[in-house]
Each structure stands twice: as structure tokens, then as C-alpha cells.
Amino acid sequence: MTAHLTPVQVCEALLGGVDRVAKAAGVHRTTVFPWRRASAIRDAGDVPGARVMRRILAYSAARGLGLTADHLIWGAPRAEVDEILLRRDTAREAAE
């Protein structure tokens, strides 16, 4: 059985941690930590709001980080995220 990552976990993995997720979303880094927990309007690990999702998608697209809209809605299996990271590393090594 493979682990399934939440949307926030996928963002952290593909963008490079909380600081980069916050930068991509246009928020202070401490704003991202509560996203890991459920609230009255959001499940644990959900990215809050379409505006924030669009900012994160634009950041990822501009840098070729591999994040998709589906990742922001559904999350992803750990194996899928690992594959994206491997492809990025392989492409970076080929370019050097």
C-alpha cells in the first residue's frame, strides 16, 4: 500500500518546503502551518481557496516544478511525487 500525500504535503515536497510554499502563495510562512490541520471550512492538508491555489500553480509552472491542479485538490500518492522529483533531478543532471 502506498502513502497518499495531502495537497499541502505535495506542495511542500515539490516546491521545497514551507518557506517556498508561503512564497508561492504570497503569504507569511507561519500562515502555511495551520493548513496541515482541519478547520471549520477545510480538511487537514487542504490548500485554502482558489486564489492561493492559482498563485501556487503559477509559481510551479514558471519554475517547471511539476505541480498540477489535481495535486492541489486531491493530493497524490507518494510514489507519484517521488517520480516527479526523480524526473526533475534527471533533467537537471542532463543539463549539466
# chains A, B, ... in the order shown; residues from 1 in each chain; ligands from 1

$ residues_around --residues "Gly26 (chain A)" --least-positions-apart "4" --cutoff "8 Å" --atoms "only C-alpha atoms" --output "ChimeraX atom specification"
/A:22,52,55

$ select_by_dssp --residues "chain A" --states "strand (DSSP E)" --output "MDAnalysis selection string"
chainID A and resid 4:5 76:77

$ closest_residue --among "A:Thr30, A:Ala25, A:Leu5, A:Leu67" --to "Gly49 (chain A)" --atoms "only C-alpha atoms"
A:Ala25

$ select_by_dssp --residues "chain A" --states "helix (DSSP H, G or I)" --output "PyMOL selection string"
chain A and resi 7-15+18-25+29-36+50-63+69-74+78-95

$ atom_distance --atom1 "CA of Ala50 (chain A)" --atom2 "CA of Thr6 (chain A)"
16.2 Å

$ residues_around --residues "region 7-12 of chain A" --least-positions-apart "5" --cutoff "10 Å" --atoms "only C-alpha atoms" --output "VMD selection string"
chain A and resid 17 to 22 24 32 to 33 35 to 36 44 to 48 56 to 57 60 65 to 78 80 to 81

$ atom_distance --atom1 "CA of Asp82 (chain A)" --atom2 "CA of Arg51 (chain A)"
26.7 Å

$ atom_distance --atom1 "CA of Ile84 (chain A)" --atom2 "CA of Leu15 (chain A)"
11.4 Å
